[in-house]
Every structure is written in C-alpha cells, then in structure tokens.
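Undergrad: Sharing model25.cif, mmCIF, C-alpha atoms and all ligand atoms:
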```cif
data_work
#
loop_
_atom_site.group_PDB
_atom_site.id
_atom_site.type_symbol
_atom_site.label_atom_id
_atom_site.label_comp_id
_atom_site.auth_asym_id
_atom_site.auth_seq_id
_atom_site.Cartn_x
_atom_site.Cartn_y
_atom_site.Cartn_z
ATOM 1 C CA MET A 1 0.669 -17.202 19.251
ATOM 2 C CA LYS A 2 -0.342 -16.227 15.750
ATOM 3 C CA VAL A 3 -3.828 -16.859 14.399
ATOM 4 C CA ALA A 4 -4.337 -16.409 10.641
ATOM 5 C CA ILE A 5 -7.826 -16.033 9.240
ATOM 6 C CA ASP A 6 -8.358 -16.215 5.491
ATOM 7 C CA GLY A 7 -11.530 -16.280 3.499
ATOM 8 C CA PRO A 8 -13.476 -14.594 0.736
ATOM 9 C CA ALA A 9 -15.319 -11.281 1.075
ATOM 10 C CA GLY A 10 -18.605 -11.757 2.906
ATOM 11 C CA SER A 11 -17.492 -14.812 4.879
ATOM 12 C CA GLY A 12 -17.560 -12.782 8.098
ATOM 13 C CA LYS A 13 -13.803 -13.050 8.626
ATOM 14 C CA SER A 14 -13.345 -9.449 9.809
ATOM 15 C CA THR A 15 -16.047 -9.677 12.464
ATOM 16 C CA VAL A 16 -14.738 -13.025 13.670
ATOM 17 C CA ALA A 17 -11.087 -11.851 13.686
ATOM 18 C CA ARG A 18 -11.904 -8.697 15.674
ATOM 19 C CA GLU A 19 -13.881 -10.692 18.200
ATOM 20 C CA LEU A 20 -11.109 -13.281 18.575
ATOM 21 C CA SER A 21 -8.560 -10.529 19.125
ATOM 22 C CA LYS A 22 -10.694 -9.163 21.972
ATOM 23 C CA ARG A 23 -11.368 -12.535 23.599
ATOM 24 C CA LEU A 24 -7.716 -13.598 23.372
ATOM 25 C CA GLY A 25 -6.417 -10.143 24.288
ATOM 26 C CA ILE A 26 -3.941 -10.078 21.390
ATOM 27 C CA PRO A 27 -3.568 -7.425 18.640
ATOM 28 C CA TYR A 28 -5.630 -7.452 15.454
ATOM 29 C CA LEU A 29 -4.072 -6.957 12.029
ATOM 30 C CA ASN A 30 -6.609 -6.196 9.318
ATOM 31 C CA THR A 31 -4.433 -6.637 6.218
ATOM 32 C CA GLY A 32 -7.186 -5.434 3.855
ATOM 33 C CA LEU A 33 -7.193 -2.077 5.651
ATOM 34 C CA VAL A 34 -3.442 -1.798 5.060
ATOM 35 C CA TYR A 35 -3.906 -2.591 1.342
ATOM 36 C CA ARG A 36 -6.468 0.194 1.332
ATOM 37 C CA ALA A 37 -4.035 2.574 3.086
ATOM 38 C CA PHE A 38 -1.479 1.961 0.321
ATOM 39 C CA ALA A 39 -4.247 2.528 -2.255
ATOM 40 C CA TYR A 40 -5.166 5.819 -0.560
ATOM 41 C CA ALA A 41 -1.512 6.911 -0.691
ATOM 42 C CA CYS A 42 -1.355 5.974 -4.415
ATOM 43 C CA LEU A 43 -4.340 8.210 -5.087
ATOM 44 C CA LYS A 44 -2.856 11.078 -3.030
ATOM 45 C CA GLU A 45 0.531 10.838 -4.766
ATOM 46 C CA SER A 46 -0.915 10.018 -8.240
ATOM 47 C CA LEU A 47 1.132 6.811 -8.456
ATOM 48 C CA LYS A 48 0.303 4.376 -11.248
ATOM 49 C CA GLY A 49 0.992 0.634 -11.591
ATOM 50 C CA GLU A 50 4.315 -0.499 -10.124
ATOM 51 C CA GLU A 51 5.088 3.051 -8.937
ATOM 52 C CA VAL A 52 3.213 1.924 -5.811
ATOM 53 C CA LEU A 53 6.468 0.203 -4.761
ATOM 54 C CA LYS A 54 7.952 3.657 -4.073
ATOM 55 C CA LEU A 55 5.656 3.889 -1.066
ATOM 56 C CA PHE A 56 7.741 1.328 0.802
ATOM 57 C CA GLU A 57 10.400 4.042 1.248
ATOM 58 C CA LYS A 58 7.958 5.826 3.578
ATOM 59 C CA PRO A 59 5.008 3.482 4.056
ATOM 60 C CA PRO A 60 1.742 4.242 5.842
ATOM 61 C CA GLU A 61 2.073 3.656 9.586
ATOM 62 C CA VAL A 62 0.124 0.718 11.000
ATOM 63 C CA ILE A 63 -0.899 0.288 14.633
ATOM 64 C CA THR A 64 -2.338 -3.030 15.765
ATOM 65 C CA ASP A 65 -4.491 -2.732 18.892
ATOM 66 C CA ILE A 66 -6.815 -5.189 20.570
ATOM 67 C CA GLY A 67 -9.848 -5.487 18.283
ATOM 68 C CA GLU A 68 -8.710 -2.630 16.060
ATOM 69 C CA THR A 69 -6.148 -1.786 13.363
ATOM 70 C CA LYS A 70 -5.314 1.889 12.776
ATOM 71 C CA VAL A 71 -3.509 3.347 9.784
ATOM 72 C CA PHE A 72 -1.844 6.727 9.382
ATOM 73 C CA TYR A 73 -0.412 8.478 6.343
ATOM 74 C CA LYS A 74 1.914 11.436 6.728
ATOM 75 C CA GLY A 75 0.987 11.692 10.388
ATOM 76 C CA GLN A 76 -2.780 11.758 9.837
ATOM 77 C CA GLU A 77 -5.090 8.933 10.816
ATOM 78 C CA ILE A 78 -6.850 7.660 7.666
ATOM 79 C CA SER A 79 -8.505 4.503 9.078
ATOM 80 C CA GLY A 80 -11.989 5.982 8.613
ATOM 81 C CA LEU A 81 -11.382 7.266 5.069
ATOM 82 C CA LEU A 82 -10.808 3.991 3.282
ATOM 83 C CA GLY A 83 -14.264 2.522 2.660
ATOM 84 C CA SER A 84 -14.964 4.134 -0.724
ATOM 85 C CA GLU A 85 -15.354 2.266 -4.018
ATOM 86 C CA GLU A 86 -12.501 4.338 -5.429
ATOM 87 C CA VAL A 87 -10.034 3.228 -2.750
ATOM 88 C CA GLY A 88 -11.341 -0.362 -3.002
ATOM 89 C CA LYS A 89 -10.739 -0.400 -6.738
ATOM 90 C CA VAL A 90 -7.129 0.796 -6.454
ATOM 91 C CA ALA A 91 -6.553 -1.660 -3.571
ATOM 92 C CA SER A 92 -7.674 -4.503 -5.798
ATOM 93 C CA GLN A 93 -5.427 -3.257 -8.644
ATOM 94 C CA ILE A 94 -2.298 -3.102 -6.499
ATOM 95 C CA ALA A 95 -3.267 -6.465 -4.957
ATOM 96 C CA SER A 96 -2.957 -8.009 -8.414
ATOM 97 C CA LEU A 97 0.739 -6.999 -8.712
ATOM 98 C CA PRO A 98 2.958 -9.899 -7.546
ATOM 99 C CA ALA A 99 5.853 -7.508 -6.745
ATOM 100 C CA PHE A 100 3.578 -5.492 -4.480
ATOM 101 C CA ARG A 101 2.210 -8.597 -2.737
ATOM 102 C CA GLU A 102 5.735 -9.822 -2.022
ATOM 103 C CA ARG A 103 6.767 -6.486 -0.528
ATOM 104 C CA ILE A 104 3.651 -6.003 1.550
ATOM 105 C CA ASN A 105 3.864 -9.548 2.917
ATOM 106 C CA SER A 106 7.421 -8.834 4.174
ATOM 107 C CA PHE A 107 6.119 -5.531 5.526
ATOM 108 C CA PHE A 108 3.460 -7.427 7.549
ATOM 109 C CA ARG A 109 6.018 -9.931 8.865
ATOM 110 C CA ALA A 110 8.389 -7.132 9.919
ATOM 111 C CA LEU A 111 5.526 -5.272 11.574
ATOM 112 C CA VAL A 112 4.471 -8.233 13.728
ATOM 113 C CA GLY A 113 7.875 -9.872 14.318
ATOM 114 C CA ASP A 114 7.699 -12.434 17.113
ATOM 115 C CA SER A 115 4.596 -10.891 18.672
ATOM 116 C CA GLN A 116 1.188 -12.431 18.987
ATOM 117 C CA VAL A 117 -1.457 -11.445 16.461
ATOM 118 C CA VAL A 118 -4.807 -12.286 14.953
ATOM 119 C CA ALA A 119 -4.104 -11.564 11.280
ATOM 120 C CA GLU A 120 -6.932 -11.426 8.817
ATOM 121 C CA GLY A 121 -6.826 -11.283 5.021
ATOM 122 C CA ARG A 122 -7.122 -13.340 1.907
ATOM 123 C CA ASP A 123 -3.735 -14.970 2.160
ATOM 124 C CA ALA A 124 -2.961 -14.560 5.859
ATOM 125 C CA GLY A 125 -2.276 -18.296 6.326
ATOM 126 C CA THR A 126 -0.821 -19.099 2.916
ATOM 127 C CA HIS A 127 1.636 -16.278 2.228
ATOM 128 C CA ILE A 128 1.759 -13.788 5.081
ATOM 129 C CA PHE A 129 2.152 -16.043 8.140
ATOM 130 C CA PRO A 130 2.669 -19.541 6.733
ATOM 131 C CA ASP A 131 4.075 -20.637 10.124
ATOM 132 C CA ALA A 132 1.031 -19.564 12.156
ATOM 133 C CA PRO A 133 0.012 -22.521 14.348
ATOM 134 C CA ILE A 134 -3.678 -21.727 13.910
ATOM 135 C CA LYS A 135 -4.976 -21.156 10.393
ATOM 136 C CA ILE A 136 -8.643 -20.788 9.701
ATOM 137 C CA PHE A 137 -10.228 -20.550 6.270
ATOM 138 C CA LEU A 138 -13.671 -19.103 6.800
ATOM 139 C CA THR A 139 -16.140 -19.410 4.011
ATOM 140 C CA ALA A 140 -19.874 -19.360 3.295
ATOM 141 C CA SER A 141 -21.977 -20.251 0.270
ATOM 142 C CA PRO A 142 -22.012 -17.710 -2.586
ATOM 143 C CA GLU A 143 -25.750 -17.235 -1.940
ATOM 144 C CA GLU A 144 -25.156 -16.380 1.727
ATOM 145 C CA ARG A 145 -22.271 -14.016 0.937
ATOM 146 C CA ALA A 146 -24.378 -12.306 -1.735
ATOM 147 C CA ARG A 147 -27.282 -12.031 0.704
ATOM 148 C CA ARG A 148 -25.053 -10.327 3.320
ATOM 149 C CA ARG A 149 -23.703 -7.899 0.731
ATOM 150 C CA TYR A 150 -27.243 -7.210 -0.490
ATOM 151 C CA GLU A 151 -28.455 -6.433 3.063
ATOM 152 C CA GLN A 152 -25.423 -4.196 3.640
ATOM 153 C CA LEU A 153 -26.006 -2.139 0.490
ATOM 154 C CA LYS A 154 -29.752 -1.943 1.091
ATOM 155 C CA ALA A 155 -29.083 -0.647 4.618
ATOM 156 C CA GLN A 156 -26.979 2.111 3.005
ATOM 157 C CA GLY A 157 -30.076 3.100 1.027
ATOM 158 C CA LEU A 158 -28.755 1.825 -2.327
ATOM 159 C CA SER A 159 -31.083 0.109 -4.763
ATOM 160 C CA VAL A 160 -29.418 -3.136 -5.789
ATOM 161 C CA SER A 161 -30.415 -6.445 -7.328
ATOM 162 C CA TYR A 162 -29.653 -9.641 -5.399
ATOM 163 C CA GLU A 163 -29.281 -11.581 -8.658
ATOM 164 C CA GLU A 164 -26.613 -9.187 -9.928
ATOM 165 C CA ILE A 165 -24.694 -9.313 -6.659
ATOM 166 C CA LEU A 166 -24.788 -13.116 -6.682
ATOM 167 C CA ARG A 167 -23.481 -13.192 -10.248
ATOM 168 C CA ALA A 168 -20.627 -10.828 -9.286
ATOM 169 C CA VAL A 169 -19.745 -12.966 -6.235
ATOM 170 C CA ILE A 170 -19.555 -16.129 -8.368
ATOM 171 C CA GLU A 171 -17.482 -14.404 -11.067
ATOM 172 C CA ARG A 172 -15.044 -13.020 -8.505
ATOM 173 C CA ASP A 173 -14.647 -16.464 -6.868
ATOM 174 C CA GLU A 174 -13.736 -17.969 -10.253
ATOM 175 C CA ARG A 175 -11.256 -15.179 -11.025
ATOM 176 C CA ASP A 176 -9.600 -15.449 -7.613
ATOM 177 C CA LYS A 177 -9.306 -19.232 -7.763
ATOM 178 C CA ASN A 178 -7.926 -19.359 -11.295
ATOM 179 C CA ARG A 179 -5.434 -16.494 -11.356
ATOM 180 C CA PRO A 180 -1.990 -17.857 -12.266
ATOM 181 C CA GLN A 181 -0.093 -16.151 -9.440
ATOM 182 C CA TYR A 182 -1.297 -16.254 -5.856
ATOM 183 C CA PRO A 183 -4.488 -18.192 -6.611
ATOM 184 C CA PHE A 184 -6.832 -17.835 -3.700
ATOM 185 C CA LYS A 185 -7.231 -21.122 -1.813
ATOM 186 C CA PRO A 186 -6.930 -22.447 1.751
ATOM 187 C CA ALA A 187 -3.492 -23.330 3.138
ATOM 188 C CA GLU A 188 -2.960 -27.097 3.196
ATOM 189 C CA ASP A 189 -2.986 -27.106 6.984
ATOM 190 C CA ALA A 190 -5.894 -24.657 7.356
ATOM 191 C CA ILE A 191 -9.090 -25.641 9.082
ATOM 192 C CA VAL A 192 -11.988 -24.795 6.826
ATOM 193 C CA ILE A 193 -15.095 -23.509 8.586
ATOM 194 C CA ASP A 194 -18.242 -23.118 6.536
ATOM 195 C CA ALA A 195 -20.139 -20.286 8.217
ATOM 196 C CA THR A 196 -23.235 -20.444 5.991
ATOM 197 C CA ASP A 197 -25.470 -21.610 8.854
ATOM 198 C CA LEU A 198 -23.371 -20.406 11.781
ATOM 199 C CA SER A 199 -23.585 -17.217 13.845
ATOM 200 C CA VAL A 200 -20.474 -15.142 14.602
ATOM 201 C CA GLU A 201 -20.550 -16.521 18.159
ATOM 202 C CA ASP A 202 -20.692 -20.124 16.846
ATOM 203 C CA VAL A 203 -17.592 -19.503 14.691
ATOM 204 C CA VAL A 204 -15.711 -17.738 17.507
ATOM 205 C CA GLN A 205 -16.447 -20.654 19.893
ATOM 206 C CA LYS A 206 -15.247 -23.176 17.297
ATOM 207 C CA VAL A 207 -11.956 -21.331 16.820
ATOM 208 C CA LEU A 208 -11.437 -20.876 20.586
ATOM 209 C CA SER A 209 -11.857 -24.604 21.161
ATOM 210 C CA LEU A 210 -9.426 -25.361 18.322
ATOM 211 C CA ILE A 211 -6.882 -23.074 19.955
ATOM 212 C CA LYS A 212 -7.362 -24.875 23.298
ATOM 213 C CA GLU A 213 -6.777 -28.233 21.623
ATOM 214 C CA ARG A 214 -3.695 -27.157 19.698
ATOM 215 C CA VAL A 215 -1.771 -24.659 21.766
HETATM 216 O O1 LIG B 1 -10.734 -6.906 2.543
HETATM 217 P P1 LIG B 1 -10.748 -5.577 1.794
HETATM 218 O O2 LIG B 1 -11.900 -5.446 0.813
HETATM 219 O O3 LIG B 1 -10.625 -4.379 2.688
HETATM 220 O O4 LIG B 1 -9.405 -5.625 0.893
HETATM 221 C C1 LIG B 1 -9.088 -4.604 0.000
HETATM 222 C C2 LIG B 1 -8.442 -5.184 -1.248
HETATM 223 O O5 LIG B 1 -7.161 -5.733 -0.961
HETATM 224 C C3 LIG B 1 -9.243 -6.316 -1.905
HETATM 225 O O6 LIG B 1 -9.188 -6.129 -3.320
HETATM 226 C C4 LIG B 1 -8.502 -7.556 -1.548
HETATM 227 C C5 LIG B 1 -7.086 -7.092 -1.357
HETATM 228 N N1 LIG B 1 -6.399 -7.865 -0.319
HETATM 229 C C6 LIG B 1 -5.604 -8.908 -0.709
HETATM 230 O O7 LIG B 1 -5.526 -9.179 -1.898
HETATM 231 N N2 LIG B 1 -4.906 -9.627 0.236
HETATM 232 C C7 LIG B 1 -5.025 -9.329 1.540
HETATM 233 N N3 LIG B 1 -4.342 -10.042 2.448
HETATM 234 C C8 LIG B 1 -5.875 -8.282 1.957
HETATM 235 C C9 LIG B 1 -6.547 -7.553 0.984
#
```
Any chance you could give the structure as structure tokens?
TA:
Amino acid sequence: MKVAIDGPAGSGKSTVARELSKRLGIPYLNTGLVYRAFAYACLKESLKGEEVLKLFEKPPEVITDIGETKVFYKGQEISGLLGSEEVGKVASQIASLPAFRERINSFFRALVGDSQVVAEGRDAGTHIFPDAPIKIFLTASPEERARRRYEQLKAQGLSVSYEEILRAVIERDERDKNRPQYPFKPAEDAIVIDATDLSVEDVVQKVLSLIKERV
C-alpha cells in the first residue's frame, strides 16, 4: 500500500507521516529531505541552475526506514546537515525547475517500485505517486501555520515577528498556488484534512480509519 501525504509547510505533514509509517510498519519517504540532499550536493559541487541535472548520474543515496528517511552523499550520511537556510534556499530554487521535478519524481518512483511507503511532500499525491490508493492533503489556516513557525523560531532563540511570518506564509501560498507549472493544489481524489484545531493524534487516527475503510 502507498500512502501519499501532501500539504503546505507548517501543516504538520512530516510529523503525521512519520507517525503513520511507525503505526503501519511501512517505510517513510520524506521527499523534502531528498530535495535538500540534492541542494547540498549542488552547493558542494558548485552547480548552478540546470546543472543540477548532472547529479542524476550519481545521485545521493536514499534509505527509507520505518519512521525515518536517511540520505547519503559520496558515502557520507548527510541527513543531519540539511536544515540550514542556505540548503533550504537552493532546494527551493531547484524545486522551481520543471526538468528537475520531472527527473526527481521518476527517481522517487524507481526508488520505491512496488513496495509499500508513506510518502510525504508537496506533490506526493499529484505528481509523485498519482496511483496511491490513499492520498491525504493536510492543511491548516495560515494563522495556525504562522503560529507554529513562530514558536519554532522562538524556541531556537531567534527574535521574530509573528506578523511578518504570517505575511510571508500568505505570500508563499499565493505564489505556490498561482505558479504556471506544477501549481500546488490537492489531487482531485485527495482527502483534505484541516488540522487547524486537531492534534497530531487526531489526524493520525483519522487517516488510520480512512485506510481501514478503503484498503
Ligand atoms: O519540506 P522541505 O522544506 O524540507 O522541502 C525543501 C524544499 O523542497 C522546499 O522548497 C519545497 C521543495 N519540495 C518540493 O517542491 N516538492 C517536494 N515533494 C518536496 C520538497
């Protein structure tokens, strides 16, 4: 069985996907982490723009475990090195290249093959695994997503303004929805769950009962 979980940043999709992987006992594919691994390799090799496509000759290695995705580059584990703003910025740049998205989506399909997976990422149900029998689009209000981001940054000791974060969240939503190629929206057969007032456990229970009904 394949479970695809899409949703915007701050919707809680990573936490929910990891938890589902553990409860179902099937591997977890964090596609955002793989985008970041390619971004890391771009920085290491000083690749610019479409030169990123060269990486598919010897791509980062991806291991999908229960509740965890690990990535390696040139034999070294880099999973813990990918959280920086710098890597995030390059990941978002390569993510905007249609040629890269096409290649990495085939890469994900080849990686998983016929195996079971909980795959998480912005277009997991629309473009990566369009045949997944369970597709969830997890979302939350912009205010709630901004609040989570605000709490996260504050916990890291950064001084940030909630108003500014909220403005950035709203701007990014508009940009993602309106981009001409790969606009970000739920798959037609996705089940949309609004997690604004739900705990992680509430969302996990909802998805588990959907799986029981459908599979
Ligand atoms: O979820 P994240 O922040 O780790 O993702 C890193 C970047 O990659 C982010 O700019 C979104 C992009 N991404 C994407 O466009 N499609 C995916 N399936 C996963 C990530």
Undergrad: May I ask which of the residues A:Leu53, A:Ala119, A:Ile78, A:Ala41 is the closest one to ligand LIG 1 (chain B), counting all atoms listed in the file?
TA: A:Ala119
Undergrad: From the set A:Arg101, A:Lys70, A:Arg172, A:Lys177, which residue has the shortest atom-to-atom contact distance to A:Val34, counting only C-alpha atoms?
TA: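 Closest to A:Val34 of all the choices is A:Lys70.
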Undergrad: Using the file's own x, y and z axes, so that the box edges lie along x, y and z, what centre and edge lengths in Å (one decimal) does a box around every listed atom of ligand LIG 1 (chain B) get when 8 Å is added on each side? Give it as lines of an AutoDock Vina configuration file.
TA:
```
center_x = -8.1
center_y = -7.2
center_z = -0.3
size_x = 23.6
size_y = 21.7
size_z = 22.0
```
Undergrad: Give me the chain A side of the contact with ligand LIG 1 (chain B), cut-off 8 Å, one line per residue showing its nearest atom pair and distance in Å at one decimal, counting all atoms listed in the file, sorted by chain and residue number, as a Markdown table.
TA:
```
| residue | atom | partner | partner_atom | distance |
| --- | --- | --- | --- | --- |
| A:Asp6 | CA | B:LIG1 | N3 | 8.0 |
| A:Ala9 | CA | B:LIG1 | O1 | 6.5 |
| A:Asn30 | CA | B:LIG1 | C8 | 7.7 |
| A:Thr31 | CA | B:LIG1 | C8 | 4.8 |
| A:Gly32 | CA | B:LIG1 | C9 | 3.6 |
| A:Leu33 | CA | B:LIG1 | O3 | 5.1 |
| A:Val34 | CA | B:LIG1 | C8 | 7.6 |
| A:Tyr35 | CA | B:LIG1 | O5 | 5.1 |
| A:Arg36 | CA | B:LIG1 | C1 | 5.6 |
| A:Gly83 | CA | B:LIG1 | O3 | 7.8 |
| A:Gly88 | CA | B:LIG1 | C1 | 5.7 |
| A:Lys89 | CA | B:LIG1 | O6 | 6.8 |
| A:Val90 | CA | B:LIG1 | O6 | 7.9 |
| A:Ala91 | CA | B:LIG1 | C2 | 4.6 |
| A:Ser92 | CA | B:LIG1 | O6 | 3.3 |
| A:Gln93 | CA | B:LIG1 | O6 | 7.1 |
| A:Ile94 | CA | B:LIG1 | O5 | 7.8 |
| A:Ala95 | CA | B:LIG1 | O7 | 4.7 |
| A:Ser96 | CA | B:LIG1 | O7 | 7.1 |
| A:Arg101 | CA | B:LIG1 | N2 | 7.8 |
| A:Glu120 | CA | B:LIG1 | N3 | 7.0 |
| A:Gly121 | CA | B:LIG1 | N3 | 3.8 |
| A:Arg122 | CA | B:LIG1 | N3 | 4.3 |
| A:Asp123 | CA | B:LIG1 | N3 | 5.0 |
| A:Ala124 | CA | B:LIG1 | N3 | 5.8 |
| A:Ile128 | CA | B:LIG1 | N3 | 7.6 |
```
Undergrad: Given all atoms listed in the file as the basis, pick out the residue of A:Asp194, A:Thr64, A:Gln76, A:Leu166 nearest to A:Gln116.
TA: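 Looking only at the distances to A:Gln116, the closest residue turns out to be A:Thr64.
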Undergrad: Pick from A:Ser141, A:Arg147, A:Ile134, A:Gly67: nearest to A:Asp173, with all atoms listed in the file counted?
TA: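 Counting all atoms listed in the file, the residue closest to A:Asp173 is A:Ser141.
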Undergrad: Could you check how far atom CA of A:Gly80 sits from atom CA of A:Arg109, in Å to one decimal?
TA: 24.0 Å
Undergrad: Can you work out which one of A:Thr196, A:Ser11, A:Asp65, A:Asp131 has the shortest atom-to-atom distance to A:Gly25, counting all atoms listed in the file?
TA: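 Selected residue with least distance to A:Gly25: A:Asp65.
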